[in-house]
Amino acid sequence: MIKQIDTLLSEARLAIQEAKTSNVIESIRLEYLGRQGKLTTLLRGVKELPVRERPQVGGAANSARQEIEQLLSDAVDRIEGGEIAIDTTLPGISPETGHLHLVTKAIEEIAAIFKQIGFTRVRHPDIETEWFPFEALNMPADHPARDEWETFFMDAKPSGDYRFMLTPHGTSGTARSLATLPLPVRSINIQKCYRRQSDASHTPVFHQFDGVYAAEGVTFQHLKGVLEFFVKAYFGTEREVRLRPYHFRFTEPSFEVDISCGVCNGKGCRLCKQGWVELGGAGMLHPNVLKAAKLNPKKISGLAFGWGVERTMLMRSGLSIPDIRILYENDMRFLQQF
Ligand SMILES: [Zn+2]
């Protein structure tokens, strides 16, 4: 019987040593120590033995039992330690939450600022005929200004004399707002612009916001006030606005809008032109643009402005992005930083 115990013990040692999962350990425990287990059954037989043999066999069986229990317990520690270390006091792992794209955030913020001074955000189609982007903006068919935009024309059948195109600038939305909205028109159009260009500072698709305010008695004062309101709300109250005479086909007079440099506060540094950085264009609506929208330029006047969303956003953040195309490459390493 002692020999049987020794054999059981050797078997159990080997089985426990080779066990790789806690399920296997549990089945070994049952096999040897369970109610019907091999060692349990053997121990039960001790009382059938002659009295003088009982202490020796009983002692051997008990120490075998103790050893197997110890080995099983050690094996459980070894396996669980390797399977997974669970510390219930550690904070949980929260799921990753996304956020809006930084350009979307800029669009929402810009729209909210103009909303405060009564501009309603409008959405216009991404596909227009040549009417709103060119004709209605005082750029007739033979005018060289049309070439300034690397326009995507569409293969679709033209509508009358006008070809279909992807909107090359947000100002087409200004023409559409003037022609379709009731007076007074006070809208901000934020839209995708498409141009055949792709390099470190250009993407084929980008965004512009174009505002227009047309009514009786709209003057240059309103234009200056709207621009200053936006610049101070978006860039900070310390920033100044400067209007530089310029030329656009759809406004008269026309201006380039500069804001005081945020790096040197207008003193002049290597990032700016003598203290100013260029933001975009603005002006008073050209009489031909009002006429194209069937408005009477003798009665109605209007202001308009239009800037790039990406450019405006990057100017505020001070982000120096070596290649602007990274904004649209969906690289999480970049996007997660915002
Ligand atoms: Zn500067």
# chains A, B, ... in the order shown; residues from 1 in each chain; ligands from 1
>>> residues_around(residues="A:Phe114", least_positions_apart="6", cutoff="8 Å", atoms="only C-alpha atoms", output="PyMOL selection string")
chain A and resi 120+188+230
>>> write_last_selection(atoms="N, CA and C atoms", output="mmCIF file, in the first residue's frame")
data_model
loop_
_atom_site.group_PDB
_atom_site.id
_atom_site.type_symbol
_atom_site.label_atom_id
_atom_site.label_comp_id
_atom_site.auth_asym_id
_atom_site.auth_seq_id
_atom_site.Cartn_x
_atom_site.Cartn_y
_atom_site.Cartn_z
ATOM 1 N N THR A 120 -26.772 84.527 -40.213
ATOM 2 C CA THR A 120 -27.282 83.170 -40.213
ATOM 3 C C THR A 120 -26.394 82.307 -41.088
ATOM 4 N N ILE A 188 -23.821 83.903 -43.466
ATOM 5 C CA ILE A 188 -22.439 83.450 -43.529
ATOM 6 C C ILE A 188 -22.468 82.063 -44.169
ATOM 7 N N PHE A 230 -15.276 90.281 -35.468
ATOM 8 C CA PHE A 230 -14.788 88.909 -35.656
ATOM 9 C C PHE A 230 -13.336 88.752 -35.209
#
>>> residues_near_ligand(ligand="ligand 1", cutoff="7 Å", atoms="only C-alpha atoms and all ligand atoms", output="list in words")
Cys261, Gly262, Val263, Cys264, Asn265, Gly266, Lys267, Gly268, Cys269, Arg270, Leu271, Cys272, Gln274, Gly275 and Trp276 of chain A
>>> closest_atom_pairs(of="stretch 261-312 of chain A", to="stretch 200-204 of chain A", cutoff="12 Å", atoms="only C-alpha atoms", output="JSON lines")
{"residue": "A:Gly308", "atom": "CA", "partner": "A:His202", "partner_atom": "CA", "distance": 11.3}
{"residue": "A:Glu310", "atom": "CA", "partner": "A:His202", "partner_atom": "CA", "distance": 10.2}
{"residue": "A:Arg311", "atom": "CA", "partner": "A:Ser201", "partner_atom": "CA", "distance": 9.7}
>>> residues_around(residues="A:Ile79", least_positions_apart="4", cutoff="12 Å", atoms="only C-alpha atoms", output="MDAnalysis selection string")
chainID A and resid 16:26 72:75 83:85
>>> atom_distance(atom1="atom CA of A:Lys298", atom2="atom CA of A:Val122")
26.4 Å
>>> residues_around(residues="A:Thr40", least_positions_apart="3", cutoff="10 Å", atoms="only C-alpha atoms", output="PDB file with N, CA and C atoms, in the first residue's frame")
ATOM      1  N   LEU A  30      -9.581  17.044  -8.369  1.00  0.00           N
ATOM      2  CA  LEU A  30     -10.679  16.089  -8.262  1.00  0.00           C
ATOM      3  C   LEU A  30     -10.188  14.650  -8.431  1.00  0.00           C
ATOM      4  N   GLU A  31      -9.245  14.478  -9.370  1.00  0.00           N
ATOM      5  CA  GLU A  31      -8.754  13.131  -9.679  1.00  0.00           C
ATOM      6  C   GLU A  31      -8.076  12.480  -8.466  1.00  0.00           C
ATOM      7  N   TYR A  32      -7.386  13.310  -7.673  1.00  0.00           N
ATOM      8  CA  TYR A  32      -6.648  12.740  -6.535  1.00  0.00           C
ATOM      9  C   TYR A  32      -7.326  12.971  -5.201  1.00  0.00           C
ATOM     10  N   LEU A  33      -7.871  14.177  -5.005  1.00  0.00           N
ATOM     11  CA  LEU A  33      -8.366  14.529  -3.678  1.00  0.00           C
ATOM     12  C   LEU A  33      -9.883  14.622  -3.592  1.00  0.00           C
ATOM     13  N   GLY A  34     -10.561  14.486  -4.726  1.00  0.00           N
ATOM     14  CA  GLY A  34     -12.023  14.585  -4.722  1.00  0.00           C
ATOM     15  C   GLY A  34     -12.644  13.437  -3.928  1.00  0.00           C
ATOM     16  N   ARG A  35     -13.963  13.530  -3.766  1.00  0.00           N
ATOM     17  CA  ARG A  35     -14.690  12.509  -2.992  1.00  0.00           C
ATOM     18  C   ARG A  35     -14.414  11.095  -3.516  1.00  0.00           C
ATOM     19  N   GLN A  36     -14.365  10.983  -4.851  1.00  0.00           N
ATOM     20  CA  GLN A  36     -14.062   9.689  -5.468  1.00  0.00           C
ATOM     21  C   GLN A  36     -12.609   9.621  -5.927  1.00  0.00           C
ATOM     22  N   GLY A  37     -11.780  10.582  -5.434  1.00  0.00           N
ATOM     23  CA  GLY A  37     -10.406  10.682  -5.909  1.00  0.00           C
ATOM     24  C   GLY A  37      -9.560   9.473  -5.515  1.00  0.00           C
ATOM     25  N   LEU A  43      -7.143   6.261   1.083  1.00  0.00           N
ATOM     26  CA  LEU A  43      -7.187   6.569   2.519  1.00  0.00           C
ATOM     27  C   LEU A  43      -8.340   5.850   3.211  1.00  0.00           C
ATOM     28  N   ARG A  44      -9.480   5.776   2.464  1.00  0.00           N
ATOM     29  CA  ARG A  44     -10.640   5.115   3.024  1.00  0.00           C
ATOM     30  C   ARG A  44     -10.328   3.635   3.342  1.00  0.00           C
ATOM     31  N   GLY A  45      -9.409   3.057   2.532  1.00  0.00           N
ATOM     32  CA  GLY A  45      -9.065   1.648   2.717  1.00  0.00           C
ATOM     33  C   GLY A  45      -8.176   1.381   3.935  1.00  0.00           C
ATOM     34  N   ALA A  61      -0.079   8.330   3.626  1.00  0.00           N
ATOM     35  CA  ALA A  61      -1.174   8.854   2.820  1.00  0.00           C
ATOM     36  C   ALA A  61      -1.443  10.323   3.141  1.00  0.00           C
ATOM     37  N   ASN A  62      -1.433  10.651   4.433  1.00  0.00           N
ATOM     38  CA  ASN A  62      -1.669  12.050   4.817  1.00  0.00           C
ATOM     39  C   ASN A  62      -0.587  12.989   4.312  1.00  0.00           C
ATOM     40  N   ARG A  65      -1.124  13.539   0.723  1.00  0.00           N
ATOM     41  CA  ARG A  65      -2.230  14.476   0.523  1.00  0.00           C
ATOM     42  C   ARG A  65      -1.765  15.928   0.699  1.00  0.00           C
TER      43      ARG A  65
END
>>> select_by_dssp(residues="stretch 193-267 of chain A", states="helix (DSSP H, G or I)", output="VMD selection string")
chain A and resid 220 to 235
>>> residues_around(residues="A:Gly217", least_positions_apart="2", cutoff="9 Å", atoms="only C-alpha atoms", output="list of chain:residue names")
A:Ala214, A:Ala215, A:Thr219, A:Lys299, A:Ile300, A:Ser301, A:Gly302
>>> write_last_selection(atoms="C-alpha atoms", output="PDB file, in the first residue's frame")
ATOM      1  CA  ALA A 214     -27.114  93.575 -47.922  1.00  0.00           C
ATOM      2  CA  ALA A 215     -29.899  96.011 -47.067  1.00  0.00           C
ATOM      3  CA  THR A 219     -22.038 101.308 -45.320  1.00  0.00           C
ATOM      4  CA  LYS A 299     -31.373 101.487 -53.043  1.00  0.00           C
ATOM      5  CA  ILE A 300     -29.536  98.491 -51.689  1.00  0.00           C
ATOM      6  CA  SER A 301     -25.903  98.316 -50.658  1.00  0.00           C
ATOM      7  CA  GLY A 302     -23.935  95.532 -49.058  1.00  0.00           C
TER       8      GLY A 302
END
>>> select_by_dssp(residues="stretch 208-328 of chain A", states="strand (DSSP E or B)", output="PyMOL selection string")
chain A and resi 208-216+241-246+251-260+273+276-285+300-308
>>> closest_residue(among="A:Val218, A:Ala292, A:Val51, A:Ala111", to="A:Asn189", atoms="only C-alpha atoms")
A:Ala111
>>> residues_around(residues="A:Glu128", least_positions_apart="2", cutoff="8 Å", atoms="only C-alpha atoms", output="list of chain:residue names")
A:Pro125, A:Asp126, A:Glu130, A:Trp131, A:Phe132, A:Pro133, A:Phe164, A:Met165, A:Leu166, A:Thr167
>>> residues_around(residues="A:Ala112", least_positions_apart="3", cutoff="12 Å", atoms="only C-alpha atoms", output="list in words")
Lys105, Ala106, Ile107, Glu108, Glu109, Lys115, Gln116, Ile117, Gly118, Phe119, Thr120, Arg121, Ile188, Ile190, Phe230, Ala233 and Tyr234 of chain A
>>> closest_residue(among="A:Asn138, A:Thr180, A:Ser320, A:Ser10", to="A:His286", atoms="only C-alpha atoms")
A:Asn138
>>> atom_distance(atom1="atom CA of A:Gln208", atom2="atom CA of A:Val309")
5.2 Å
